[in-house]
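Presented below is the structure to which this report refers.
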Amino acid sequence: RTQIHTLRDTLPGVLDGRPASIHDARIATRRIRELLPLLGDPKRRQEIDDLRSRFKRLGRSLGRVRDADVRVTLLASLETRMPHAAPALVVLRQQREQERLDLLRKLVRRLERLDAVRLIEMFDGSRLSFALPWGLRAARAWRRDLAYTLRERAAATKEAIDHATGVYFPDRSHAARIAIKRMRYAMEIAHETGSERS
């Protein structure tokens, strides 16, 4: 419910192109994707996978705009720190701002194609048990799945960190960063549901 409310509340800002809203919405889609496997009957796995796919596509579109925001902000900060290079940096920043605008337009079209407003309304926390064709699975089942996920993520994180140490390889460092984030999201679920000791 918290993540759906965050996504719902940030949507107007996303449509306005506000960087903070785009960042918050992106994180919310990641957390929702992490939660979806704990919902529903395993026999309806295809429905859950379809929903995860929709949220993943939405998250990727948000991520592209977010990356563009970071590039624009970095260039703007360099303009003040490197006055001698400011004219060239201004031109480069303006190009990146145009690229960001193009990505933002694509994001809005993606929101429309995914029917994001209806999707969010379907998951609205106040109607969660009525809107979905499933509810929270039996406590033992979803807690068992969460415990398995935590063990799996811990092993993957350790392996990614071990693989990234020593000589610097950007792709290995990126893989470790992703593994750590996925571990963090699973740990947040355990904390919020009081399952740390399960």
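Labels used: A, B, ... for chains in the order of the structure tokens, numbers from 1 for residues in each chain, and numbers from 1 for ligands as shown.
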Neighbour list for stretch 144-146 of chain A as a PDB file with all heavy atoms, in the first residue's frame, cut-off 8 Å, only C-alpha atoms, skip fewer than 2 positions in-chain:
```
ATOM      1  N   LEU A  38       5.037 -12.264  -3.693  1.00  0.00           N
ATOM      2  CA  LEU A  38       4.493 -12.702  -2.414  1.00  0.00           C
ATOM      3  C   LEU A  38       2.967 -12.683  -2.411  1.00  0.00           C
ATOM      4  O   LEU A  38       2.351 -13.068  -1.418  1.00  0.00           O
ATOM      5  CB  LEU A  38       5.018 -11.817  -1.283  1.00  0.00           C
ATOM      6  CG  LEU A  38       6.542 -11.762  -1.139  1.00  0.00           C
ATOM      7  CD1 LEU A  38       6.931 -10.788  -0.043  1.00  0.00           C
ATOM      8  CD2 LEU A  38       7.114 -13.142  -0.874  1.00  0.00           C
ATOM      9  N   ARG A 140       2.586 -18.534   6.319  1.00  0.00           N
ATOM     10  CA  ARG A 140       3.761 -19.413   6.214  1.00  0.00           C
ATOM     11  C   ARG A 140       4.309 -19.445   4.799  1.00  0.00           C
ATOM     12  O   ARG A 140       5.521 -19.472   4.591  1.00  0.00           O
ATOM     13  CB  ARG A 140       3.391 -20.823   6.662  1.00  0.00           C
ATOM     14  CG  ARG A 140       3.172 -20.955   8.148  1.00  0.00           C
ATOM     15  CD  ARG A 140       2.824 -22.367   8.524  1.00  0.00           C
ATOM     16  NE  ARG A 140       2.513 -22.470   9.940  1.00  0.00           N
ATOM     17  CZ  ARG A 140       2.017 -23.546  10.508  1.00  0.00           C
ATOM     18  NH1 ARG A 140       1.741 -24.615   9.778  1.00  0.00           N
ATOM     19  NH2 ARG A 140       1.766 -23.566  11.798  1.00  0.00           N
ATOM     20  N   ALA A 141       3.432 -19.450   3.823  1.00  0.00           N
ATOM     21  CA  ALA A 141       3.877 -19.563   2.430  1.00  0.00           C
ATOM     22  C   ALA A 141       4.677 -18.334   2.011  1.00  0.00           C
ATOM     23  O   ALA A 141       5.784 -18.464   1.484  1.00  0.00           O
ATOM     24  CB  ALA A 141       2.677 -19.761   1.508  1.00  0.00           C
ATOM     25  N   TRP A 142       4.144 -17.118   2.228  1.00  0.00           N
ATOM     26  CA  TRP A 142       4.877 -15.957   1.741  1.00  0.00           C
ATOM     27  C   TRP A 142       6.098 -15.675   2.593  1.00  0.00           C
ATOM     28  O   TRP A 142       7.110 -15.198   2.085  1.00  0.00           O
ATOM     29  CB  TRP A 142       3.979 -14.737   1.585  1.00  0.00           C
ATOM     30  CG  TRP A 142       3.506 -14.032   2.821  1.00  0.00           C
ATOM     31  CD1 TRP A 142       2.303 -14.149   3.407  1.00  0.00           C
ATOM     32  CD2 TRP A 142       4.227 -13.067   3.598  1.00  0.00           C
ATOM     33  NE1 TRP A 142       2.218 -13.325   4.511  1.00  0.00           N
ATOM     34  CE2 TRP A 142       3.381 -12.645   4.636  1.00  0.00           C
ATOM     35  CE3 TRP A 142       5.508 -12.514   3.497  1.00  0.00           C
ATOM     36  CZ2 TRP A 142       3.784 -11.709   5.589  1.00  0.00           C
ATOM     37  CZ3 TRP A 142       5.907 -11.576   4.448  1.00  0.00           C
ATOM     38  CH2 TRP A 142       5.045 -11.182   5.477  1.00  0.00           C
ATOM     39  N   TYR A 148      13.515 -17.461   1.570  1.00  0.00           N
ATOM     40  CA  TYR A 148      14.297 -18.036   0.463  1.00  0.00           C
ATOM     41  C   TYR A 148      14.911 -16.928  -0.392  1.00  0.00           C
ATOM     42  O   TYR A 148      16.088 -16.985  -0.768  1.00  0.00           O
ATOM     43  CB  TYR A 148      13.404 -18.943  -0.390  1.00  0.00           C
ATOM     44  CG  TYR A 148      14.089 -19.457  -1.624  1.00  0.00           C
ATOM     45  CD1 TYR A 148      14.957 -20.544  -1.562  1.00  0.00           C
ATOM     46  CD2 TYR A 148      13.891 -18.837  -2.865  1.00  0.00           C
ATOM     47  CE1 TYR A 148      15.604 -21.004  -2.692  1.00  0.00           C
ATOM     48  CE2 TYR A 148      14.530 -19.289  -3.994  1.00  0.00           C
ATOM     49  CZ  TYR A 148      15.382 -20.372  -3.905  1.00  0.00           C
ATOM     50  OH  TYR A 148      16.030 -20.816  -5.036  1.00  0.00           O
ATOM     51  N   THR A 149      14.108 -15.902  -0.677  1.00  0.00           N
ATOM     52  CA  THR A 149      14.601 -14.780  -1.478  1.00  0.00           C
ATOM     53  C   THR A 149      15.760 -14.082  -0.788  1.00  0.00           C
ATOM     54  O   THR A 149      16.768 -13.731  -1.427  1.00  0.00           O
ATOM     55  CB  THR A 149      13.459 -13.769  -1.745  1.00  0.00           C
ATOM     56  OG1 THR A 149      12.434 -14.416  -2.505  1.00  0.00           O
ATOM     57  CG2 THR A 149      13.958 -12.548  -2.505  1.00  0.00           C
ATOM     58  N   LEU A 150      15.636 -13.875   0.523  1.00  0.00           N
ATOM     59  CA  LEU A 150      16.711 -13.214   1.270  1.00  0.00           C
ATOM     60  C   LEU A 150      18.004 -14.028   1.200  1.00  0.00           C
ATOM     61  O   LEU A 150      19.088 -13.465   1.002  1.00  0.00           O
ATOM     62  CB  LEU A 150      16.297 -13.018   2.725  1.00  0.00           C
ATOM     63  CG  LEU A 150      15.294 -11.889   2.975  1.00  0.00           C
ATOM     64  CD1 LEU A 150      14.692 -12.018   4.375  1.00  0.00           C
ATOM     65  CD2 LEU A 150      15.952 -10.530   2.792  1.00  0.00           C
ATOM     66  N   ALA A 186      14.565  -6.534  -0.669  1.00  0.00           N
ATOM     67  CA  ALA A 186      14.056  -7.720   0.029  1.00  0.00           C
ATOM     68  C   ALA A 186      14.148  -7.532   1.545  1.00  0.00           C
ATOM     69  O   ALA A 186      13.240  -7.915   2.292  1.00  0.00           O
ATOM     70  CB  ALA A 186      14.843  -8.955  -0.403  1.00  0.00           C
ATOM     71  N   ALA A 190      11.216  -7.548   4.595  1.00  0.00           N
ATOM     72  CA  ALA A 190      11.328  -8.308   5.840  1.00  0.00           C
ATOM     73  C   ALA A 190      11.162  -7.393   7.055  1.00  0.00           C
ATOM     74  O   ALA A 190      10.493  -7.743   8.027  1.00  0.00           O
ATOM     75  CB  ALA A 190      12.686  -9.017   5.889  1.00  0.00           C
TER      76      ALA A 190
END
```
Distance criterion (only C-alpha atoms): nearest to A:Arg18 out of A:Arg30, A:Lys56, A:Arg66, A:Lys181: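 Among A:Arg30, A:Lys56, A:Arg66, A:Lys181, it is A:Arg66 that comes nearest to A:Arg18.
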Just the residues within 8 Å of A:Val72, please, counting only C-alpha atoms, with nothing from its chain fewer than 2 positions along; format it as a PyMOL selection string. chain A and resi 68-70+74-76+93+96-97
Residues within 12 Å of A:Arg105, only C-alpha atoms, excluding chain neighbours under 3 positions, as an mmCIF file with all heavy atoms, in the first residue's frame:
```cif
data_model
loop_
_atom_site.group_PDB
_atom_site.id
_atom_site.type_symbol
_atom_site.label_atom_id
_atom_site.label_comp_id
_atom_site.auth_asym_id
_atom_site.auth_seq_id
_atom_site.Cartn_x
_atom_site.Cartn_y
_atom_site.Cartn_z
ATOM 1 N N VAL A 14 5.465 13.299 -12.165
ATOM 2 C CA VAL A 14 6.098 12.594 -13.284
ATOM 3 C C VAL A 14 5.605 13.184 -14.603
ATOM 4 O O VAL A 14 6.388 13.465 -15.514
ATOM 5 C CB VAL A 14 5.807 11.079 -13.224
ATOM 6 C CG1 VAL A 14 6.234 10.388 -14.515
ATOM 7 C CG2 VAL A 14 6.522 10.451 -12.024
ATOM 8 N N LEU A 15 4.294 13.379 -14.706
ATOM 9 C CA LEU A 15 3.715 13.926 -15.938
ATOM 10 C C LEU A 15 4.171 15.356 -16.183
ATOM 11 O O LEU A 15 4.205 15.809 -17.334
ATOM 12 C CB LEU A 15 2.186 13.854 -15.871
ATOM 13 C CG LEU A 15 1.605 12.440 -15.861
ATOM 14 C CD1 LEU A 15 0.107 12.470 -15.592
ATOM 15 C CD2 LEU A 15 1.909 11.712 -17.164
ATOM 16 N N ASP A 16 4.533 16.068 -15.105
ATOM 17 C CA ASP A 16 5.073 17.422 -15.239
ATOM 18 C C ASP A 16 6.581 17.419 -15.474
ATOM 19 O O ASP A 16 7.179 18.471 -15.683
ATOM 20 C CB ASP A 16 4.775 18.252 -13.981
ATOM 21 C CG ASP A 16 3.314 18.679 -13.916
ATOM 22 O OD1 ASP A 16 2.638 18.640 -14.961
ATOM 23 O OD2 ASP A 16 2.859 19.053 -12.817
ATOM 24 N N GLY A 17 7.202 16.236 -15.381
ATOM 25 C CA GLY A 17 8.640 16.127 -15.614
ATOM 26 C C GLY A 17 9.498 16.531 -14.441
ATOM 27 O O GLY A 17 10.682 16.855 -14.618
ATOM 28 N N SER A 61 11.463 3.018 -18.214
ATOM 29 C CA SER A 61 11.223 4.329 -18.826
ATOM 30 C C SER A 61 11.531 5.442 -17.833
ATOM 31 O O SER A 61 12.135 6.464 -18.186
ATOM 32 C CB SER A 61 9.774 4.431 -19.310
ATOM 33 O OG SER A 61 9.545 3.548 -20.382
ATOM 34 N N LEU A 62 11.114 5.252 -16.584
ATOM 35 C CA LEU A 62 11.443 6.230 -15.541
ATOM 36 C C LEU A 62 12.963 6.321 -15.357
ATOM 37 O O LEU A 62 13.505 7.418 -15.167
ATOM 38 C CB LEU A 62 10.777 5.841 -14.223
ATOM 39 C CG LEU A 62 9.259 6.006 -14.146
ATOM 40 C CD1 LEU A 62 8.677 5.172 -13.014
ATOM 41 C CD2 LEU A 62 8.883 7.480 -13.979
ATOM 42 N N ARG A 64 15.353 5.832 -17.540
ATOM 43 C CA ARG A 64 16.029 6.557 -18.618
ATOM 44 C C ARG A 64 15.956 8.071 -18.390
ATOM 45 O O ARG A 64 16.938 8.788 -18.603
ATOM 46 C CB ARG A 64 15.404 6.185 -19.962
ATOM 47 C CG ARG A 64 15.692 4.752 -20.373
ATOM 48 C CD ARG A 64 15.164 4.444 -21.766
ATOM 49 N NE ARG A 64 15.273 3.029 -22.042
ATOM 50 C CZ ARG A 64 14.247 2.175 -22.002
ATOM 51 N NH1 ARG A 64 13.028 2.620 -21.717
ATOM 52 N NH2 ARG A 64 14.432 0.894 -22.250
ATOM 53 N N VAL A 65 14.795 8.545 -17.943
ATOM 54 C CA VAL A 65 14.666 9.983 -17.669
ATOM 55 C C VAL A 65 15.501 10.358 -16.449
ATOM 56 O O VAL A 65 16.151 11.404 -16.416
ATOM 57 C CB VAL A 65 13.188 10.383 -17.468
ATOM 58 C CG1 VAL A 65 13.070 11.878 -17.176
ATOM 59 C CG2 VAL A 65 12.368 10.030 -18.706
ATOM 60 N N GLN A 98 17.690 18.520 -24.234
ATOM 61 C CA GLN A 98 16.798 18.148 -25.336
ATOM 62 C C GLN A 98 16.586 16.639 -25.357
ATOM 63 O O GLN A 98 15.459 16.160 -25.566
ATOM 64 C CB GLN A 98 17.381 18.620 -26.674
ATOM 65 C CG GLN A 98 16.483 18.321 -27.861
ATOM 66 C CD GLN A 98 15.102 18.939 -27.744
ATOM 67 O OE1 GLN A 98 14.979 20.137 -27.478
ATOM 68 N NE2 GLN A 98 14.049 18.142 -27.913
ATOM 69 N N GLU A 99 17.663 15.880 -25.109
ATOM 70 C CA GLU A 99 17.536 14.419 -25.044
ATOM 71 C C GLU A 99 16.596 14.022 -23.907
ATOM 72 O O GLU A 99 15.779 13.110 -24.052
ATOM 73 C CB GLU A 99 18.909 13.772 -24.837
ATOM 74 C CG GLU A 99 19.814 13.843 -26.042
ATOM 75 C CD GLU A 99 21.207 13.316 -25.754
ATOM 76 O OE1 GLU A 99 21.420 12.753 -24.652
ATOM 77 O OE2 GLU A 99 22.082 13.465 -26.617
ATOM 78 N N ARG A 100 16.715 14.722 -22.779
ATOM 79 C CA ARG A 100 15.839 14.439 -21.640
ATOM 80 C C ARG A 100 14.385 14.694 -22.008
ATOM 81 O O ARG A 100 13.497 13.913 -21.661
ATOM 82 C CB ARG A 100 16.226 15.309 -20.448
ATOM 83 C CG ARG A 100 15.350 15.074 -19.222
ATOM 84 C CD ARG A 100 15.520 16.157 -18.176
ATOM 85 N NE ARG A 100 14.742 15.835 -16.984
ATOM 86 C CZ ARG A 100 13.468 16.159 -16.813
ATOM 87 N NH1 ARG A 100 12.805 16.802 -17.776
ATOM 88 N NH2 ARG A 100 12.830 15.825 -15.704
ATOM 89 N N LEU A 101 14.137 15.776 -22.709
ATOM 90 C CA LEU A 101 12.769 16.093 -23.124
ATOM 91 C C LEU A 101 12.206 15.006 -24.031
ATOM 92 O O LEU A 101 11.047 14.602 -23.892
ATOM 93 C CB LEU A 101 12.738 17.453 -23.829
ATOM 94 C CG LEU A 101 11.371 17.965 -24.271
ATOM 95 C CD1 LEU A 101 10.409 18.075 -23.088
ATOM 96 C CD2 LEU A 101 11.518 19.311 -24.972
ATOM 97 N N ASP A 102 13.033 14.505 -24.934
ATOM 98 C CA ASP A 102 12.593 13.411 -25.811
ATOM 99 C C ASP A 102 12.263 12.160 -25.002
ATOM 100 O O ASP A 102 11.254 11.488 -25.249
ATOM 101 C CB ASP A 102 13.681 13.083 -26.845
ATOM 102 C CG ASP A 102 13.906 14.229 -27.837
ATOM 103 O OD1 ASP A 102 12.998 15.076 -27.980
ATOM 104 O OD2 ASP A 102 14.984 14.265 -28.457
ATOM 105 N N VAL A 108 5.852 9.537 -21.083
ATOM 106 C CA VAL A 108 4.421 9.846 -21.021
ATOM 107 C C VAL A 108 3.641 8.912 -21.933
ATOM 108 O O VAL A 108 2.578 8.395 -21.561
ATOM 109 C CB VAL A 108 4.167 11.327 -21.375
ATOM 110 C CG1 VAL A 108 2.672 11.607 -21.517
ATOM 111 C CG2 VAL A 108 4.771 12.244 -20.312
ATOM 112 N N ARG A 109 4.177 8.654 -23.127
ATOM 113 C CA ARG A 109 3.499 7.711 -24.037
ATOM 114 C C ARG A 109 3.468 6.303 -23.443
ATOM 115 O O ARG A 109 2.482 5.580 -23.583
ATOM 116 C CB ARG A 109 4.176 7.716 -25.403
ATOM 117 C CG ARG A 109 3.896 8.987 -26.213
ATOM 118 C CD ARG A 109 4.258 8.809 -27.666
ATOM 119 N NE ARG A 109 5.695 8.713 -27.863
ATOM 120 C CZ ARG A 109 6.504 9.751 -28.105
ATOM 121 N NH1 ARG A 109 6.003 10.971 -28.174
ATOM 122 N NH2 ARG A 109 7.788 9.567 -28.277
ATOM 123 N N ARG A 110 4.554 5.911 -22.770
ATOM 124 C CA ARG A 110 4.595 4.591 -22.130
ATOM 125 C C ARG A 110 3.551 4.506 -21.019
ATOM 126 O O ARG A 110 2.862 3.493 -20.879
ATOM 127 C CB ARG A 110 5.993 4.325 -21.584
ATOM 128 C CG ARG A 110 6.173 3.068 -20.721
ATOM 129 C CD ARG A 110 5.807 1.769 -21.434
ATOM 130 N NE ARG A 110 6.561 1.520 -22.622
ATOM 131 C CZ ARG A 110 7.734 0.879 -22.684
ATOM 132 N NH1 ARG A 110 8.304 0.465 -21.580
ATOM 133 N NH2 ARG A 110 8.331 0.664 -23.838
ATOM 134 N N LEU A 111 3.408 5.558 -20.233
ATOM 135 C CA LEU A 111 2.386 5.598 -19.193
ATOM 136 C C LEU A 111 0.998 5.409 -19.792
ATOM 137 O O LEU A 111 0.156 4.694 -19.240
ATOM 138 C CB LEU A 111 2.447 6.923 -18.433
ATOM 139 C CG LEU A 111 3.620 7.111 -17.460
ATOM 140 C CD1 LEU A 111 3.729 8.569 -17.045
ATOM 141 C CD2 LEU A 111 3.463 6.218 -16.252
ATOM 142 N N GLU A 112 0.770 6.033 -20.937
ATOM 143 C CA GLU A 112 -0.529 5.906 -21.598
ATOM 144 C C GLU A 112 -0.730 4.486 -22.128
ATOM 145 O O GLU A 112 -1.814 3.905 -21.978
ATOM 146 C CB GLU A 112 -0.637 6.924 -22.733
ATOM 147 C CG GLU A 112 -0.715 8.365 -22.235
ATOM 148 C CD GLU A 112 -0.554 9.385 -23.345
ATOM 149 O OE1 GLU A 112 -0.215 8.988 -24.495
ATOM 150 O OE2 GLU A 112 -0.756 10.582 -23.079
#
```
A:Arg172: which residues within 8 Å, counting only C-alpha atoms, same-chain residues fewer than 4 positions away excluded, as a list in words?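 Close residues of A:Arg172: Ala160, His163, Ala164, Tyr168 and Ala176 of chain A.
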Could those selected residues go to a file with all heavy atoms, as a PDB file, in the first residue's frame?
```pdb
ATOM      1  N   ALA A 160      28.651 -11.130  -6.214  1.00  0.00           N
ATOM      2  CA  ALA A 160      28.855  -9.947  -7.057  1.00  0.00           C
ATOM      3  C   ALA A 160      29.934  -9.036  -6.484  1.00  0.00           C
ATOM      4  O   ALA A 160      30.753  -8.486  -7.226  1.00  0.00           O
ATOM      5  CB  ALA A 160      27.541  -9.183  -7.206  1.00  0.00           C
ATOM      6  N   HIS A 163      33.310 -10.613  -6.998  1.00  0.00           N
ATOM      7  CA  HIS A 163      33.679 -10.538  -8.414  1.00  0.00           C
ATOM      8  C   HIS A 163      34.111  -9.121  -8.812  1.00  0.00           C
ATOM      9  O   HIS A 163      34.903  -8.946  -9.738  1.00  0.00           O
ATOM     10  CB  HIS A 163      32.493 -10.996  -9.275  1.00  0.00           C
ATOM     11  CG  HIS A 163      32.826 -11.216 -10.717  1.00  0.00           C
ATOM     12  ND1 HIS A 163      33.757 -12.142 -11.137  1.00  0.00           N
ATOM     13  CD2 HIS A 163      32.356 -10.625 -11.838  1.00  0.00           C
ATOM     14  CE1 HIS A 163      33.849 -12.115 -12.452  1.00  0.00           C
ATOM     15  NE2 HIS A 163      33.003 -11.202 -12.909  1.00  0.00           N
ATOM     16  N   ALA A 164      33.587  -8.114  -8.093  1.00  0.00           N
ATOM     17  CA  ALA A 164      33.863  -6.721  -8.449  1.00  0.00           C
ATOM     18  C   ALA A 164      35.126  -6.177  -7.802  1.00  0.00           C
ATOM     19  O   ALA A 164      35.594  -5.100  -8.176  1.00  0.00           O
ATOM     20  CB  ALA A 164      32.681  -5.840  -8.054  1.00  0.00           C
ATOM     21  N   TYR A 168      39.409  -2.634 -11.309  1.00  0.00           N
ATOM     22  CA  TYR A 168      38.111  -2.004 -11.572  1.00  0.00           C
ATOM     23  C   TYR A 168      37.594  -2.348 -12.965  1.00  0.00           C
ATOM     24  O   TYR A 168      38.255  -2.109 -13.970  1.00  0.00           O
ATOM     25  CB  TYR A 168      38.226  -0.485 -11.425  1.00  0.00           C
ATOM     26  CG  TYR A 168      36.968   0.259 -11.817  1.00  0.00           C
ATOM     27  CD1 TYR A 168      35.821   0.170 -11.032  1.00  0.00           C
ATOM     28  CD2 TYR A 168      36.930   1.034 -12.968  1.00  0.00           C
ATOM     29  CE1 TYR A 168      34.658   0.842 -11.380  1.00  0.00           C
ATOM     30  CE2 TYR A 168      35.770   1.714 -13.327  1.00  0.00           C
ATOM     31  CZ  TYR A 168      34.644   1.603 -12.531  1.00  0.00           C
ATOM     32  OH  TYR A 168      33.498   2.262 -12.888  1.00  0.00           O
ATOM     33  N   ALA A 176      27.408  -5.410  -9.069  1.00  0.00           N
ATOM     34  CA  ALA A 176      27.408  -5.449  -7.601  1.00  0.00           C
ATOM     35  C   ALA A 176      26.400  -4.443  -7.046  1.00  0.00           C
ATOM     36  O   ALA A 176      25.661  -4.736  -6.097  1.00  0.00           O
ATOM     37  CB  ALA A 176      28.809  -5.153  -7.068  1.00  0.00           C
TER      38      ALA A 176
END
```
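Checking A:Ser77, A:Pro87, A:Ala175, A:Ile120 one by one against A:Ala25, counting only C-alpha atoms, you find the shortest gap at A:Ile120.
Atom pair atom CA of A:Arg1 / atom CA of A:Ile32 has a distance of 9.3 Å (rounded to one decimal).
Excluding A:Ala179 and any residue on its chain fewer than 5 positions from it, the residues at most 10 Å away by only C-alpha atoms are A:Arg153, A:Ala154, A:Ala155, A:Ala156, A:Thr157, A:Lys158, A:Glu159, A:Ala160, A:Ile161, A:Ser173, A:His174, A:Arg184.
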